[in-house]
$ cat data12.cif   # mmCIF, C-alpha atoms
data_query
#
loop_
_atom_site.label_atom_id
_atom_site.label_comp_id
_atom_site.auth_asym_id
_atom_site.auth_seq_id
_atom_site.Cartn_x
_atom_site.Cartn_y
_atom_site.Cartn_z
CA MET A 1 -7.09 79.75 -44.44
CA ALA A 2 -3.88 81.60 -43.71
CA LYS A 3 -1.26 82.89 -46.13
CA VAL A 4 2.28 81.74 -45.31
CA LYS A 5 5.31 83.44 -46.85
CA LEU A 6 8.75 81.95 -46.32
CA THR A 7 12.18 81.89 -47.82
CA VAL A 8 12.93 78.20 -48.27
CA ASN A 9 16.40 77.12 -49.34
CA GLY A 10 17.04 80.67 -50.53
CA ARG A 11 13.86 80.96 -52.59
CA ALA A 12 10.78 83.04 -51.72
CA VAL A 13 7.68 80.84 -51.49
CA SER A 14 4.13 81.29 -50.31
CA GLY A 15 1.01 79.24 -49.90
CA ASP A 16 -2.32 79.00 -48.18
CA CYS A 17 -2.94 76.57 -45.35
CA GLU A 18 -5.15 76.00 -42.36
CA GLU A 19 -3.99 77.84 -39.26
CA ARG A 20 -3.31 74.50 -37.54
CA THR A 21 -0.95 73.18 -40.26
CA LEU A 22 2.43 72.18 -38.89
CA LEU A 23 5.50 73.52 -40.64
CA VAL A 24 6.60 69.97 -41.53
CA HIS A 25 3.33 69.36 -43.38
CA PHE A 26 3.51 72.72 -45.15
CA ILE A 27 7.05 71.93 -46.32
CA ARG A 28 6.13 68.44 -47.54
CA GLU A 29 2.61 68.92 -48.86
CA LYS A 30 2.51 72.53 -50.09
CA LEU A 31 6.12 72.86 -51.22
CA GLY A 32 6.77 69.26 -52.27
CA LEU A 33 10.04 69.05 -50.31
CA THR A 34 9.78 65.53 -48.94
CA GLY A 35 13.31 65.20 -47.57
CA THR A 36 12.01 66.47 -44.24
CA HIS A 37 10.42 63.39 -42.72
CA VAL A 38 7.40 63.00 -40.45
CA GLY A 39 8.25 60.45 -37.82
CA CYS A 40 6.16 61.11 -34.75
CA ASP A 41 4.41 64.53 -34.76
CA THR A 42 5.24 64.67 -31.04
CA THR A 43 8.80 66.13 -31.06
CA GLN A 44 10.41 62.89 -29.96
CA CYS A 45 12.18 61.51 -33.05
CA GLY A 46 13.89 64.46 -34.77
CA ALA A 47 13.25 63.23 -38.32
CA CYS A 48 11.68 66.60 -39.16
CA VAL A 49 14.58 68.89 -38.16
CA VAL A 50 15.05 71.95 -40.38
CA HIS A 51 16.85 75.23 -39.84
CA LEU A 52 14.52 78.12 -39.04
CA ASP A 53 16.30 81.46 -39.22
CA GLY A 54 19.59 79.61 -38.90
CA LYS A 55 18.75 77.40 -35.91
CA SER A 56 17.67 73.78 -35.92
CA VAL A 57 14.07 73.15 -34.93
CA LYS A 58 11.78 70.19 -35.07
CA SER A 59 9.32 71.33 -37.71
CA CYS A 60 6.52 69.31 -36.10
CA THR A 61 6.68 71.69 -33.12
CA ILE A 62 5.84 74.88 -34.97
CA LEU A 63 2.86 75.98 -36.99
CA ALA A 64 3.50 77.14 -40.54
CA VAL A 65 1.82 80.48 -39.74
CA GLN A 66 4.24 80.98 -36.84
CA ALA A 67 7.16 80.57 -39.24
CA SER A 68 5.74 82.99 -41.80
CA GLY A 69 8.30 85.64 -42.67
CA SER A 70 11.19 83.38 -41.68
CA SER A 71 13.96 81.67 -43.58
CA VAL A 72 13.87 77.86 -43.68
CA MET A 73 16.63 75.52 -44.80
CA THR A 74 15.69 71.92 -45.48
CA ILE A 75 17.92 68.97 -46.30
CA GLU A 76 17.32 69.72 -50.00
CA GLY A 77 19.02 73.09 -49.57
CA LEU A 78 22.30 71.90 -48.02
CA ALA A 79 24.13 70.66 -51.12
CA ALA A 80 25.58 73.38 -53.34
CA ASN A 81 26.55 73.24 -57.00
CA GLY A 82 26.07 69.47 -57.11
CA GLU A 83 28.43 68.93 -54.16
CA LEU A 84 27.25 67.37 -50.92
CA HIS A 85 27.53 69.48 -47.79
CA PRO A 86 30.49 68.27 -45.66
CA VAL A 87 28.10 66.72 -43.14
CA GLN A 88 26.23 64.85 -45.89
CA ALA A 89 29.54 63.65 -47.34
CA ALA A 90 30.75 62.52 -43.91
CA PHE A 91 27.54 60.56 -43.28
CA LYS A 92 28.12 58.81 -46.60
CA GLU A 93 31.83 58.19 -46.00
CA HIS A 94 31.45 56.94 -42.43
CA HIS A 95 28.29 54.89 -43.04
CA GLY A 96 26.26 57.11 -40.70
CA LEU A 97 22.99 55.83 -42.12
CA GLN A 98 21.22 52.61 -42.87
CA CYS A 99 17.53 52.91 -43.73
CA GLY A 100 17.91 56.68 -44.14
CA PHE A 101 14.68 57.69 -42.42
CA CYS A 102 16.35 59.65 -39.62
CA THR A 103 19.21 60.91 -41.80
CA PRO A 104 17.77 64.28 -42.92
CA GLY A 105 17.01 65.27 -39.33
CA MET A 106 20.35 63.96 -38.07
CA VAL A 107 22.23 65.87 -40.77
CA MET A 108 20.36 69.12 -40.13
CA ALA A 109 20.84 68.84 -36.35
CA SER A 110 24.53 68.05 -36.88
CA VAL A 111 25.12 71.05 -39.16
CA ASP A 112 23.60 73.32 -36.53
CA MET A 113 25.63 71.68 -33.76
CA ILE A 114 28.90 72.10 -35.69
CA ASN A 115 28.08 75.73 -36.48
CA ARG A 116 27.27 76.52 -32.84
CA HIS A 117 30.34 74.85 -31.38
CA GLY A 118 32.79 76.44 -33.82
CA GLY A 119 34.97 73.38 -34.23
CA HIS A 120 35.13 72.43 -30.55
CA LEU A 121 33.26 69.15 -30.44
CA ASP A 122 33.95 65.88 -28.72
CA GLU A 123 32.16 62.56 -28.73
CA GLU A 124 30.31 63.25 -25.47
CA THR A 125 28.91 66.55 -26.77
CA VAL A 126 27.81 65.03 -30.07
CA ARG A 127 26.05 62.15 -28.32
CA HIS A 128 24.36 64.52 -25.86
CA GLU A 129 23.15 66.92 -28.55
CA LEU A 130 21.79 64.13 -30.75
CA GLU A 131 19.67 62.67 -27.94
CA GLY A 132 16.58 64.29 -29.49
CA ASN A 133 17.14 62.46 -32.78
CA ILE A 134 16.22 58.79 -32.81
CA CYS A 135 17.90 56.27 -35.09
CA ARG A 136 16.60 52.73 -34.87
CA CYS A 137 19.26 51.23 -37.16
CA THR A 138 22.84 52.37 -36.58
CA GLY A 139 23.48 52.52 -32.87
CA TYR A 140 24.92 56.05 -33.35
CA HIS A 141 28.60 55.02 -33.45
CA ASN A 142 29.06 55.85 -37.13
CA ILE A 143 26.84 58.92 -36.86
CA VAL A 144 29.12 60.32 -34.17
CA LYS A 145 32.20 59.50 -36.29
CA ALA A 146 30.60 61.29 -39.25
CA VAL A 147 29.78 64.41 -37.20
CA LEU A 148 33.29 64.60 -35.76
CA SER A 149 34.82 64.11 -39.21
CA ALA A 150 32.64 66.83 -40.75
CA ASN A 151 33.44 69.11 -37.84
CA ALA A 152 37.17 68.68 -38.50
CA GLU A 153 36.72 69.33 -42.20
CA MET A 154 34.52 72.38 -41.71
CA HIS A 155 36.89 73.88 -39.19
CA GLY A 156 40.22 73.26 -40.87
CA GLY A 157 41.17 70.02 -39.18
CA ALA A 158 40.17 71.13 -35.69
CA LYS A 159 41.31 68.60 -33.10
CA GLN A 160 38.59 66.70 -31.27
CA ALA A 161 38.87 65.11 -27.86
CA ALA A 162 37.53 61.81 -29.26
CA GLU A 163 40.62 61.27 -31.44
#

$ encode --input "data12.cif" --output "structure tokens"
Amino acid sequence: MAKVKLTVNGRAVSGDCEERTLLVHFIREKLGLTGTHVGCDTTQCGACVVHLDGKSVKSCTILAVQASGSSVMTIEGLAANGELHPVQAAFKEHHGLQCGFCTPGMVMASVDMINRHGGHLDEETVRHELEGNICRCTGYHNIVKAVLSANAEMHGGAKQAAE
């Protein structure tokens, strides 16, 4: 057994696990944070995206022991003071979800994308960057609208090429 120490959603946590435990399973099973979904365990669907030290990663691609000492943000940590994060609110407003299975990973990937691009996003970039996140319900149209809307809100009404 290995000891894993993380900061998850701003809170110091630790737990024992087998060396082969994936971060996604540690988050769900040891920490009880089930918003991060397990879709494929093969890095193809993106349902397990979290932020590791500020960058989005598929948590089924990293062992919990590899992440030890790092900061992890899950979907449960995005909302603040009872208010949805702008990306969460945009997904709700623009109907960027149906069954909701892919939504946590889509939201986490979108937050990272918006942060990295500093307000300069267009439809083509959003579609390209979300290629690693599979949604079987929506067809992506409303997801893209939600990401562009949240991008504008987070960056003071930044103009997007898709408008």

$ closest_residue --input "data12.cif" --among "A:Asn81, A:Asn133, A:Asn115, A:Gln44" --to "Thr103 (chain A)" --atoms "only C-alpha atoms"
A:Asn133

$ resolve_selection --input "data12.cif" --expression "the PyMOL selection byres ((chain A and resi 38) around 6)" --output "list of chain:residue names"
A:His37, A:Gly39, A:Cys48

$ resolve_selection --input "data12.cif" --expression "the PyMOL selection byres ((chain A and resi 134) around 9)" --output "list of chain:residue names"
A:Gln44, A:Cys45, A:Gly46, A:Ala47, A:Cys102, A:Met106, A:Leu130, A:Glu131, A:Gly132, A:Asn133, A:Cys135, A:Arg136

$ atom_distance --input "data12.cif" --atom1 "CA of Leu52 (chain A)" --atom2 "CA of Thr36 (chain A)"
13.0 Å

$ resolve_selection --input "data12.cif" --expression "the PyMOL selection byres ((chain A and resi 9) around 10)" --output "list in words"
Leu6, Thr7, Val8, Gly10, Arg11, Ala12, Val13, His51, Ser71, Val72, Met73, Thr74, Ile75, Glu76, Gly77 and Leu78 of chain A

$ closest_residue --input "data12.cif" --among "A:His155, A:Lys58, A:Lys30, A:His95" --to "Ile143 (chain A)" --atoms "all atoms listed in the file"
A:His95

$ closest_residue --input "data12.cif" --among "A:Arg127, A:Lys92, A:Lys3, A:Arg28" --to "Ser68 (chain A)" --atoms "all atoms listed in the file"
A:Lys3

$ closest_residue --input "data12.cif" --among "A:Cys40, A:Val147, A:Ala152, A:Leu97" --to "Val111 (chain A)" --atoms "all atoms listed in the file"
A:Val147

$ axis_aligned_box --input "data12.cif" --around "region 110-126 of chain A" --padding-each-side "5 Å" --output "AutoDock Vina command-line options"
--center_x 29.4 --center_y 69.5 --center_z -32.3 --size_x 21.5 --size_y 24.0 --size_z 23.7

$ closest_residue --input "data12.cif" --among "A:Val24, A:Leu121, A:Leu33, A:Thr42" --to "Ser59 (chain A)" --atoms "only C-alpha atoms"
A:Val24

$ closest_residue --input "data12.cif" --among "A:Cys137, A:Ala67, A:Asp41, A:Ser110" --to "Ala90 (chain A)" --atoms "all atoms listed in the file"
A:Ser110

$ residues_near_point --input "data12.cif" --point "(31.2, 66.2, -30.4)" --cutoff "9 Å" --atoms "all atoms listed in the file" --output "MDAnalysis selection string"
chainID A and resid 113:114 117 119:129 144:145 147:148 151 160:162

$ atom_distance --input "data12.cif" --atom1 "CA of Glu93 (chain A)" --atom2 "CA of Lys55 (chain A)"
25.3 Å

$ residues_around --input "data12.cif" --residues "Ala64 (chain A)" --least-positions-apart "2" --cutoff "6 Å" --atoms "all atoms listed in the file" --output "list in words"
Thr21, Leu22, Leu23, Gln66 and Ala67 of chain A

$ write_last_selection --input "data12.cif" --atoms "C-alpha atoms" --output "PDB file, in the coordinates of the input"
ATOM      1  CA  THR A  21      -0.950  73.180 -40.260  1.00  0.00           C
ATOM      2  CA  LEU A  22       2.430  72.180 -38.890  1.00  0.00           C
ATOM      3  CA  LEU A  23       5.500  73.520 -40.640  1.00  0.00           C
ATOM      4  CA  GLN A  66       4.240  80.980 -36.840  1.00  0.00           C
ATOM      5  CA  ALA A  67       7.160  80.570 -39.240  1.00  0.00           C
TER       6      ALA A  67
END
